[in-house]
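This is run.pdb. It holds PDB, C-alpha atoms and all ligand atoms.
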ATOM      1  CA  MET N   1     -56.085   9.475  40.209  1.00  0.00           C
ATOM      2  CA  ALA N   2     -55.213  12.376  37.914  1.00  0.00           C
ATOM      3  CA  ILE N   3     -54.115  15.715  39.278  1.00  0.00           C
ATOM      4  CA  ALA N   4     -57.113  17.770  38.185  1.00  0.00           C
ATOM      5  CA  ASN N   5     -56.301  21.292  39.197  1.00  0.00           C
ATOM      6  CA  SER N   6     -53.096  23.166  38.708  1.00  0.00           C
ATOM      7  CA  LEU N   7     -51.937  24.845  41.893  1.00  0.00           C
ATOM      8  CA  TRP N   8     -50.348  27.773  40.125  1.00  0.00           C
ATOM      9  CA  LYS N   9     -51.868  30.497  38.018  1.00  0.00           C
ATOM     10  CA  HIS N  10     -50.068  32.055  35.089  1.00  0.00           C
ATOM     11  CA  GLU N  11     -50.673  34.998  32.821  1.00  0.00           C
ATOM     12  CA  THR N  12     -49.279  35.470  29.343  1.00  0.00           C
ATOM     13  CA  VAL N  13     -48.118  38.868  28.132  1.00  0.00           C
ATOM     14  CA  PRO N  14     -48.689  39.582  24.413  1.00  0.00           C
ATOM     15  CA  MET N  15     -45.332  40.130  22.678  1.00  0.00           C
ATOM     16  CA  ASP N  16     -46.632  43.440  21.284  1.00  0.00           C
ATOM     17  CA  ASP N  17     -46.875  44.730  24.858  1.00  0.00           C
ATOM     18  CA  MET N  18     -43.260  43.892  25.691  1.00  0.00           C
ATOM     19  CA  THR N  19     -40.492  46.460  25.761  1.00  0.00           C
ATOM     20  CA  VAL N  20     -36.847  46.008  26.728  1.00  0.00           C
ATOM     21  CA  ASN N  21     -34.915  49.200  27.514  1.00  0.00           C
ATOM     22  CA  GLY N  22     -37.612  51.106  25.707  1.00  0.00           C
ATOM     23  CA  VAL N  23     -37.237  49.029  22.511  1.00  0.00           C
ATOM     24  CA  GLU N  24     -40.541  47.621  21.289  1.00  0.00           C
ATOM     25  CA  ASN N  25     -40.977  43.869  20.814  1.00  0.00           C
ATOM     26  CA  PRO N  26     -37.335  42.709  20.519  1.00  0.00           C
ATOM     27  CA  ALA N  27     -38.424  39.274  19.190  1.00  0.00           C
ATOM     28  CA  SER N  28     -40.279  40.686  16.212  1.00  0.00           C
ATOM     29  CA  ALA N  29     -37.567  39.351  13.847  1.00  0.00           C
ATOM     30  CA  SER N  30     -38.993  35.829  14.369  1.00  0.00           C
ATOM     31  CA  THR N  31     -42.224  35.150  12.531  1.00  0.00           C
ATOM     32  CA  THR N  32     -44.804  32.971  14.255  1.00  0.00           C
ATOM     33  CA  ALA N  33     -44.097  30.140  11.793  1.00  0.00           C
ATOM     34  CA  GLU N  34     -40.332  30.193  12.414  1.00  0.00           C
ATOM     35  CA  LEU N  35     -40.471  30.448  16.167  1.00  0.00           C
ATOM     36  CA  PRO N  36     -40.981  26.763  17.149  1.00  0.00           C
ATOM     37  CA  GLU N  37     -37.969  25.641  15.050  1.00  0.00           C
ATOM     38  CA  GLN N  38     -35.857  28.570  16.299  1.00  0.00           C
ATOM     39  CA  PHE N  39     -36.839  27.574  19.824  1.00  0.00           C
ATOM     40  CA  ARG N  40     -35.658  23.960  19.224  1.00  0.00           C
ATOM     41  CA  GLN N  41     -32.347  25.299  17.918  1.00  0.00           C
ATOM     42  CA  ALA N  42     -32.026  27.680  20.865  1.00  0.00           C
ATOM     43  CA  MET N  43     -32.637  24.856  23.355  1.00  0.00           C
ATOM     44  CA  ARG N  44     -29.748  22.881  21.812  1.00  0.00           C
ATOM     45  CA  ARG N  45     -27.540  25.548  23.377  1.00  0.00           C
ATOM     46  CA  LEU N  46     -28.993  24.990  26.837  1.00  0.00           C
ATOM     47  CA  ILE N  47     -26.613  22.372  28.212  1.00  0.00           C
ATOM     48  CA  ALA N  48     -28.223  20.074  30.757  1.00  0.00           C
ATOM     49  CA  THR N  49     -27.482  17.120  33.036  1.00  0.00           C
ATOM     50  CA  VAL N  50     -29.073  13.909  31.773  1.00  0.00           C
ATOM     51  CA  THR N  51     -31.388  12.169  34.230  1.00  0.00           C
ATOM     52  CA  ILE N  52     -33.821   9.272  34.227  1.00  0.00           C
ATOM     53  CA  VAL N  53     -37.087  10.114  35.956  1.00  0.00           C
ATOM     54  CA  THR N  54     -38.878   7.052  37.339  1.00  0.00           C
ATOM     55  CA  ALA N  55     -42.123   6.220  39.075  1.00  0.00           C
ATOM     56  CA  GLY N  56     -43.903   3.028  40.000  1.00  0.00           C
ATOM     57  CA  ASP N  57     -46.008   0.972  42.329  1.00  0.00           C
ATOM     58  CA  GLU N  58     -47.046  -2.662  42.792  1.00  0.00           C
ATOM     59  CA  HIS N  59     -48.667  -2.598  39.328  1.00  0.00           C
ATOM     60  CA  GLY N  60     -45.500  -1.671  37.424  1.00  0.00           C
ATOM     61  CA  ARG N  61     -42.782   0.899  36.824  1.00  0.00           C
ATOM     62  CA  ALA N  62     -41.982   3.534  34.249  1.00  0.00           C
ATOM     63  CA  GLY N  63     -38.971   5.664  33.437  1.00  0.00           C
ATOM     64  CA  MET N  64     -37.780   8.123  30.821  1.00  0.00           C
ATOM     65  CA  VAL N  65     -34.799  10.315  30.066  1.00  0.00           C
ATOM     66  CA  ALA N  66     -35.351  13.921  31.146  1.00  0.00           C
ATOM     67  CA  THR N  67     -33.245  17.054  31.127  1.00  0.00           C
ATOM     68  CA  ALA N  68     -36.063  19.384  32.208  1.00  0.00           C
ATOM     69  CA  VAL N  69     -35.093  19.243  35.888  1.00  0.00           C
ATOM     70  CA  MET N  70     -34.570  22.331  38.013  1.00  0.00           C
ATOM     71  CA  SER N  71     -33.883  22.994  41.671  1.00  0.00           C
ATOM     72  CA  VAL N  72     -36.644  25.106  43.273  1.00  0.00           C
ATOM     73  CA  SER N  73     -35.613  25.709  46.887  1.00  0.00           C
ATOM     74  CA  ALA N  74     -33.535  24.246  49.714  1.00  0.00           C
ATOM     75  CA  GLU N  75     -36.164  25.114  52.336  1.00  0.00           C
ATOM     76  CA  PRO N  76     -38.128  23.044  51.721  1.00  0.00           C
ATOM     77  CA  PRO N  77     -35.861  20.904  49.525  1.00  0.00           C
ATOM     78  CA  SER N  78     -37.748  20.832  46.233  1.00  0.00           C
ATOM     79  CA  LEU N  79     -37.303  20.528  42.500  1.00  0.00           C
ATOM     80  CA  VAL N  80     -39.413  20.757  39.369  1.00  0.00           C
ATOM     81  CA  ILE N  81     -39.513  18.404  36.370  1.00  0.00           C
ATOM     82  CA  GLY N  82     -41.181  18.895  32.980  1.00  0.00           C
ATOM     83  CA  VAL N  83     -42.923  15.776  31.637  1.00  0.00           C
ATOM     84  CA  ASN N  84     -44.793  15.333  28.355  1.00  0.00           C
ATOM     85  CA  ARG N  85     -48.343  14.180  29.084  1.00  0.00           C
ATOM     86  CA  ASP N  86     -47.954  11.412  26.447  1.00  0.00           C
ATOM     87  CA  ALA N  87     -45.025   9.849  28.323  1.00  0.00           C
ATOM     88  CA  GLY N  88     -45.608   6.590  30.189  1.00  0.00           C
ATOM     89  CA  VAL N  89     -43.974   8.003  33.304  1.00  0.00           C
ATOM     90  CA  TRP N  90     -46.506  10.891  33.343  1.00  0.00           C
ATOM     91  CA  ARG N  91     -49.306   8.415  34.067  1.00  0.00           C
ATOM     92  CA  ALA N  92     -47.222   6.660  36.750  1.00  0.00           C
ATOM     93  CA  ILE N  93     -46.343   9.967  38.466  1.00  0.00           C
ATOM     94  CA  THR N  94     -49.935  11.159  38.286  1.00  0.00           C
ATOM     95  CA  ASP N  95     -51.244   7.904  39.762  1.00  0.00           C
ATOM     96  CA  THR N  96     -48.652   7.466  42.537  1.00  0.00           C
ATOM     97  CA  LYS N  97     -47.931  11.148  43.345  1.00  0.00           C
ATOM     98  CA  ARG N  98     -44.257  10.228  43.538  1.00  0.00           C
ATOM     99  CA  PHE N  99     -41.186  10.256  41.325  1.00  0.00           C
ATOM    100  CA  THR N 100     -37.438   9.780  41.553  1.00  0.00           C
ATOM    101  CA  VAL N 101     -34.825  11.773  39.634  1.00  0.00           C
ATOM    102  CA  ASN N 102     -31.686   9.712  38.904  1.00  0.00           C
ATOM    103  CA  LEU N 103     -28.717  11.811  37.738  1.00  0.00           C
ATOM    104  CA  LEU N 104     -26.648   9.843  35.214  1.00  0.00           C
ATOM    105  CA  SER N 105     -22.882   9.627  34.920  1.00  0.00           C
ATOM    106  CA  THR N 106     -20.840   9.261  31.739  1.00  0.00           C
ATOM    107  CA  ARG N 107     -20.837   5.443  32.197  1.00  0.00           C
ATOM    108  CA  HIS N 108     -24.648   5.446  31.756  1.00  0.00           C
ATOM    109  CA  THR N 109     -24.720   6.478  28.081  1.00  0.00           C
ATOM    110  CA  PRO N 110     -26.027   2.990  27.013  1.00  0.00           C
ATOM    111  CA  LEU N 111     -29.214   3.653  29.021  1.00  0.00           C
ATOM    112  CA  VAL N 112     -30.111   6.958  27.395  1.00  0.00           C
ATOM    113  CA  HIS N 113     -31.605   6.030  24.015  1.00  0.00           C
ATOM    114  CA  PRO N 114     -33.441   2.964  25.363  1.00  0.00           C
ATOM    115  CA  PHE N 115     -35.030   5.185  28.051  1.00  0.00           C
ATOM    116  CA  ALA N 116     -35.868   7.814  25.422  1.00  0.00           C
ATOM    117  CA  GLY N 117     -38.060   5.593  23.261  1.00  0.00           C
ATOM    118  CA  GLN N 118     -35.781   2.855  21.829  1.00  0.00           C
ATOM    119  CA  LEU N 119     -37.205   0.331  24.308  1.00  0.00           C
ATOM    120  CA  GLN N 120     -40.697   0.330  25.790  1.00  0.00           C
ATOM    121  CA  GLY N 121     -42.055   0.046  29.324  1.00  0.00           C
ATOM    122  CA  GLU N 122     -40.555  -2.640  31.536  1.00  0.00           C
ATOM    123  CA  GLU N 123     -37.980  -3.611  28.864  1.00  0.00           C
ATOM    124  CA  ARG N 124     -36.075  -0.426  29.701  1.00  0.00           C
ATOM    125  CA  PHE N 125     -35.254  -1.713  33.181  1.00  0.00           C
ATOM    126  CA  THR N 126     -33.307  -4.692  31.769  1.00  0.00           C
ATOM    127  CA  LEU N 127     -30.449  -2.169  31.307  1.00  0.00           C
ATOM    128  CA  GLY N 128     -28.640  -0.881  34.398  1.00  0.00           C
ATOM    129  CA  GLU N 129     -28.948  -1.977  38.034  1.00  0.00           C
ATOM    130  CA  TRP N 130     -32.400  -0.942  39.220  1.00  0.00           C
ATOM    131  CA  HIS N 131     -33.589  -1.310  42.816  1.00  0.00           C
ATOM    132  CA  THR N 132     -36.962  -0.578  44.382  1.00  0.00           C
ATOM    133  CA  HIS N 133     -37.214   2.092  47.085  1.00  0.00           C
ATOM    134  CA  ALA N 134     -39.532   1.693  50.095  1.00  0.00           C
ATOM    135  CA  SER N 135     -41.885   4.120  48.295  1.00  0.00           C
ATOM    136  CA  LEU N 136     -41.918   1.583  45.394  1.00  0.00           C
ATOM    137  CA  THR N 137     -40.262   3.983  42.924  1.00  0.00           C
ATOM    138  CA  PRO N 138     -37.358   2.411  41.021  1.00  0.00           C
ATOM    139  CA  TYR N 139     -33.893   3.925  41.438  1.00  0.00           C
ATOM    140  CA  LEU N 140     -30.598   3.369  39.661  1.00  0.00           C
ATOM    141  CA  ALA N 141     -28.154   1.811  42.161  1.00  0.00           C
ATOM    142  CA  ASP N 142     -25.091   3.633  40.797  1.00  0.00           C
ATOM    143  CA  ALA N 143     -26.711   6.955  39.854  1.00  0.00           C
ATOM    144  CA  VAL N 144     -24.626  10.030  40.707  1.00  0.00           C
ATOM    145  CA  VAL N 145     -27.569  11.085  42.888  1.00  0.00           C
ATOM    146  CA  SER N 146     -31.127   9.801  43.304  1.00  0.00           C
ATOM    147  CA  LEU N 147     -33.700  12.244  44.683  1.00  0.00           C
ATOM    148  CA  PHE N 148     -36.929  10.687  45.969  1.00  0.00           C
ATOM    149  CA  CYS N 149     -39.838  13.108  45.659  1.00  0.00           C
ATOM    150  CA  ARG N 150     -43.495  13.473  46.554  1.00  0.00           C
ATOM    151  CA  VAL N 151     -45.568  15.558  44.124  1.00  0.00           C
ATOM    152  CA  ASP N 152     -46.552  18.734  45.949  1.00  0.00           C
ATOM    153  CA  ALA N 153     -47.872  20.863  43.072  1.00  0.00           C
ATOM    154  CA  SER N 154     -48.312  20.690  39.324  1.00  0.00           C
ATOM    155  CA  LEU N 155     -48.954  22.958  36.380  1.00  0.00           C
ATOM    156  CA  ASP N 156     -50.117  21.892  32.918  1.00  0.00           C
ATOM    157  CA  TYR N 157     -48.589  24.032  30.191  1.00  0.00           C
ATOM    158  CA  GLY N 158     -48.767  23.208  26.483  1.00  0.00           C
ATOM    159  CA  THR N 159     -47.900  19.546  25.943  1.00  0.00           C
ATOM    160  CA  HIS N 160     -46.174  19.164  29.326  1.00  0.00           C
ATOM    161  CA  THR N 161     -46.871  19.058  33.049  1.00  0.00           C
ATOM    162  CA  LEU N 162     -44.477  20.660  35.501  1.00  0.00           C
ATOM    163  CA  PHE N 163     -44.393  18.566  38.660  1.00  0.00           C
ATOM    164  CA  VAL N 164     -42.994  20.173  41.814  1.00  0.00           C
ATOM    165  CA  GLY N 165     -41.422  17.473  43.944  1.00  0.00           C
ATOM    166  CA  ALA N 166     -40.881  17.822  47.673  1.00  0.00           C
ATOM    167  CA  VAL N 167     -37.618  15.915  48.163  1.00  0.00           C
ATOM    168  CA  GLU N 168     -38.063  13.319  50.898  1.00  0.00           C
ATOM    169  CA  GLU N 169     -34.785  11.401  50.629  1.00  0.00           C
ATOM    170  CA  ILE N 170     -31.484  11.689  48.780  1.00  0.00           C
ATOM    171  CA  ARG N 171     -29.102   8.874  47.880  1.00  0.00           C
ATOM    172  CA  MET N 172     -25.554   9.740  46.819  1.00  0.00           C
ATOM    173  CA  VAL N 173     -22.958   7.257  45.628  1.00  0.00           C
ATOM    174  CA  ASP N 174     -19.330   7.777  46.758  1.00  0.00           C
ATOM    175  CA  GLU N 175     -17.637   6.762  43.490  1.00  0.00           C
ATOM    176  CA  ALA N 176     -20.223   8.607  41.429  1.00  0.00           C
ATOM    177  CA  GLY N 177     -18.138   9.342  38.334  1.00  0.00           C
ATOM    178  CA  GLU N 178     -18.587  12.313  36.028  1.00  0.00           C
ATOM    179  CA  PRO N 179     -22.074  13.749  35.445  1.00  0.00           C
ATOM    180  CA  LEU N 180     -23.418  13.086  31.936  1.00  0.00           C
ATOM    181  CA  LEU N 181     -24.397  16.218  30.006  1.00  0.00           C
ATOM    182  CA  TRP N 182     -26.548  16.744  26.890  1.00  0.00           C
ATOM    183  CA  ARG N 183     -25.130  19.399  24.591  1.00  0.00           C
ATOM    184  CA  ASP N 184     -26.359  20.259  21.101  1.00  0.00           C
ATOM    185  CA  GLY N 185     -28.013  16.842  20.683  1.00  0.00           C
ATOM    186  CA  SER N 186     -24.956  14.831  21.838  1.00  0.00           C
ATOM    187  CA  PHE N 187     -23.392  13.503  25.011  1.00  0.00           C
ATOM    188  CA  ALA N 188     -20.784  15.641  26.761  1.00  0.00           C
ATOM    189  CA  ASN N 189     -18.974  15.821  30.064  1.00  0.00           C
ATOM    190  CA  ALA N 190     -18.017  18.812  32.154  1.00  0.00           C
ATOM    191  CA  VAL N 191     -14.374  19.756  32.518  1.00  0.00           C
ATOM    192  CA  PRO N 192     -13.506  22.428  35.114  1.00  0.00           C
ATOM    193  CA  LEU N 193     -12.135  25.497  33.302  1.00  0.00           C
ATOM    194  CA  ASP N 194      -9.162  25.529  35.711  1.00  0.00           C
ATOM    195  CA  GLU N 195      -8.137  22.084  34.383  1.00  0.00           C
ATOM    196  CA  LEU N 196      -8.573  23.122  30.744  1.00  0.00           C
ATOM    197  CA  LEU N 197      -6.567  26.315  31.136  1.00  0.00           C
ATOM    198  CA  GLY N 198      -3.884  24.632  33.252  1.00  0.00           C
TER     199      GLY N 198
HETATM  200  C1  LIG H 201     -31.520  14.060  26.198  1.00  0.00           C
HETATM  201  C2  LIG H 201     -33.034  13.927  26.273  1.00  0.00           C
HETATM  202  C3  LIG H 201     -33.731  14.704  27.175  1.00  0.00           C
HETATM  203  C4  LIG H 201     -35.133  14.596  27.284  1.00  0.00           C
HETATM  204  N1  LIG H 201     -35.803  15.364  28.208  1.00  0.00           N
HETATM  205  C5  LIG H 201     -37.135  15.235  28.335  1.00  0.00           C
HETATM  206  C6  LIG H 201     -37.823  15.980  29.341  1.00  0.00           C
HETATM  207  O1  LIG H 201     -37.231  16.722  30.130  1.00  0.00           O
HETATM  208  N2  LIG H 201     -39.169  15.820  29.423  1.00  0.00           N
HETATM  209  C7  LIG H 201     -39.878  14.984  28.580  1.00  0.00           C
HETATM  210  O2  LIG H 201     -41.110  14.887  28.707  1.00  0.00           O
HETATM  211  N3  LIG H 201     -39.232  14.253  27.631  1.00  0.00           N
HETATM  212  C8  LIG H 201     -37.889  14.354  27.510  1.00  0.00           C
HETATM  213  N4  LIG H 201     -37.223  13.605  26.565  1.00  0.00           N
HETATM  214  C9  LIG H 201     -37.998  12.690  25.698  1.00  0.00           C
HETATM  215  C10 LIG H 201     -38.371  11.380  26.413  1.00  0.00           C
HETATM  216  O3  LIG H 201     -37.270  10.767  27.062  1.00  0.00           O
HETATM  217  C11 LIG H 201     -38.928  10.374  25.388  1.00  0.00           C
HETATM  218  O4  LIG H 201     -39.952  10.968  24.626  1.00  0.00           O
HETATM  219  C12 LIG H 201     -39.456   9.098  26.049  1.00  0.00           C
HETATM  220  O5  LIG H 201     -39.531   8.085  25.074  1.00  0.00           O
HETATM  221  C13 LIG H 201     -40.832   9.294  26.690  1.00  0.00           C
HETATM  222  O6  LIG H 201     -41.233   8.111  27.327  1.00  0.00           O
HETATM  223  P1  LIG H 201     -42.303   7.073  26.676  1.00  0.00           P
HETATM  224  O7  LIG H 201     -41.630   6.446  25.504  1.00  0.00           O
HETATM  225  O8  LIG H 201     -42.554   6.120  27.800  1.00  0.00           O
HETATM  226  O9  LIG H 201     -43.517   7.862  26.294  1.00  0.00           O
HETATM  227  C14 LIG H 201     -35.829  13.690  26.449  1.00  0.00           C
HETATM  228  C15 LIG H 201     -35.112  12.897  25.522  1.00  0.00           C
HETATM  229  C16 LIG H 201     -33.730  13.014  25.445  1.00  0.00           C
HETATM  230  C17 LIG H 201     -32.965  12.148  24.469  1.00  0.00           C
END
Please render this file's structure as C-alpha cells.
Amino acid sequence: MAIANSLWKHETVPMDDMTVNGVENPASASTTAELPEQFRQAMRRLIATVTIVTAGDEHGRAGMVATAVMSVSAEPPSLVIGVNRDAGVWRAITDTKRFTVNLLSTRHTPLVHPFAGQLQGEERFTLGEWHTHASLTPYLADAVVSLFCRVDASLDYGTHTLFVGAVEEIRMVDEAGEPLLWRDGSFANAVPLDELLG
C-alpha cells in the first residue's frame, strides 16, 4: 500500500523575498538554467558515509546505495533517508513500511556500483553476506552498523521521498573497520586530524 499523504507541510520562499544581513537575494548570480548543475557540483563537496538501504518481505528484497541519510533525534531514536521514487527499494519500503540502513566500511567498495545500478534486483544480493532480520528486511552481516527502522512519516519532494524511520533495533559489529565515505564522486576514508598532524 502506498503512503498517500505526507505528514509534513512545507512552504517555499521565493528567492526574491530572501535577504541575508540586509543583502537582497544573495543567490542571484546563479541563473535558473545554471542552478541544477551548480547544485550537483556543490553536492560533490558534501562528504557522506556510504550506506546500502534495504527493504523486503516474503515476496522479495531490494537494496540500493544511499548517502542521503541523516539522524533526526535520539528521543525517539529516528533518522531520515531520501529515496528516488523510481528506485526499486522505494516500492519495497512503501509496501512494507520498513527499511534497514547498513553503513558500509572500506572493505565494502565492491558492493557499491552493483547496488547503484550495475546489477539489478535480487542479483545485487549475490555480493556480500546478507542475512534476513525477523522483520524480513535484509541486512549486511558485517556492516559497520545496521539500523532497523519502521516508517513513521514521509514527505514527497521533487523526485524523492523522505522517509522518517523510527529505529527499532541496532546491530553493531565489533571489528567494524573504517567507515566508507563518498567524496567528490570517489571513495574516501576518514583519518582523524590528530593522526594526520602527528
Ligand atoms: C554514492 C552514491 C550515493 C547515492 N545516494 C542515493 C540516495 O541517497 N538516494 C537515492 O535515491 N539514490 C542514491 N543513489 C543512486 C542509487 O543508488 C541508484 O540510482 C540505484 O541504482 C537505484 O536503485 P534501482 O536501480 O533499484 O532503481 C546513490 C548512488 C551513489 C553511487
Exercise. Could you write out as a VMD selection string the residues that the PyMOL selection byres (((chain N and resi 66) around 9) and not hetatm) matches in the shown file?
Worked result: chain N and resid 49 to 53 64 to 65 67 to 69 81 to 83 101 116
For this session: Report the residues retrieved by the PyMOL selection byres (((chain N and resi 142-153) around 6) and not hetatm) from the displayed file, expressed as a ChimeraX atom specification.
Result: /N:7,97-104,140-141,154,164-173,176
Seminar exercise, completed: One decimal place gives the CA of Leu111 (chain N)-CA of Val80 (chain N) separation as 22.4 Å
For this session: Would you mind telling me which residue in N:Glu178, N:Asp86, N:Asp95, N:Glu123 lies nearest to ligand LIG 201 (chain H) when using all atoms listed in the file?
Result: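 Distance minimum relative to ligand LIG 201 (chain H) lands on N:Asp86.
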Exercise. Which residue, N:Pro76, N:Gly177, N:Gly128, N:Gly158, has the smallest gap to ligand LIG 201 (chain H) when you use only C-alpha atoms and all ligand atoms?
Worked result: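 The shortest atom-to-atom distance to ligand LIG 201 (chain H) comes from N:Gly158.
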For this session: Please identify all polymer residues within 12 Å of Pro110 (chain N), counting only C-alpha atoms, omitting same-chain residues fewer than 2 positions from it, and present them as a list of chain:residue names.
Result: N:Val65, N:Leu104, N:Ser105, N:Thr106, N:Arg107, N:His108, N:Val112, N:His113, N:Pro114, N:Phe115, N:Ala116, N:Gln118, N:Leu119, N:Arg124, N:Thr126, N:Leu127, N:Gly128, N:Leu180, N:Phe187
Exercise. What is the CA of Ser30 (chain N) to CA of Ile47 (chain N) distance in Å?
Worked result: 22.9 Å
Exercise. Just so the selection is clear, what residues does the PyMOL selection byres (((chain N and resi 57) around 12) and not hetatm) cover here, as a PyMOL selection string?
Worked result: chain N and resi 54-56+58-62+89+91-99+132-138
Exercise. So, counting only C-alpha atoms and all ligand atoms, which residue among N:Asp194, N:Glu175, N:Glu34, N:Asp184 is closest to ligand LIG 201 (chain H)?
Worked result: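 Checking each candidate against ligand LIG 201 (chain H), we get N:Asp184 as the closest.
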For this session: In Å, rounded to a single decimal, give me how far atom C17 of ligand LIG 201 (chain H) is from CA of Trp182 (chain N).
Result: 8.3 Å
Problem set entry | Nearest residue to ligand LIG 201 (chain H) from the set N:Leu155, N:Leu197, N:Pro192, N:Leu181 (distances using only C-alpha atoms and all ligand atoms) | N:Leu181
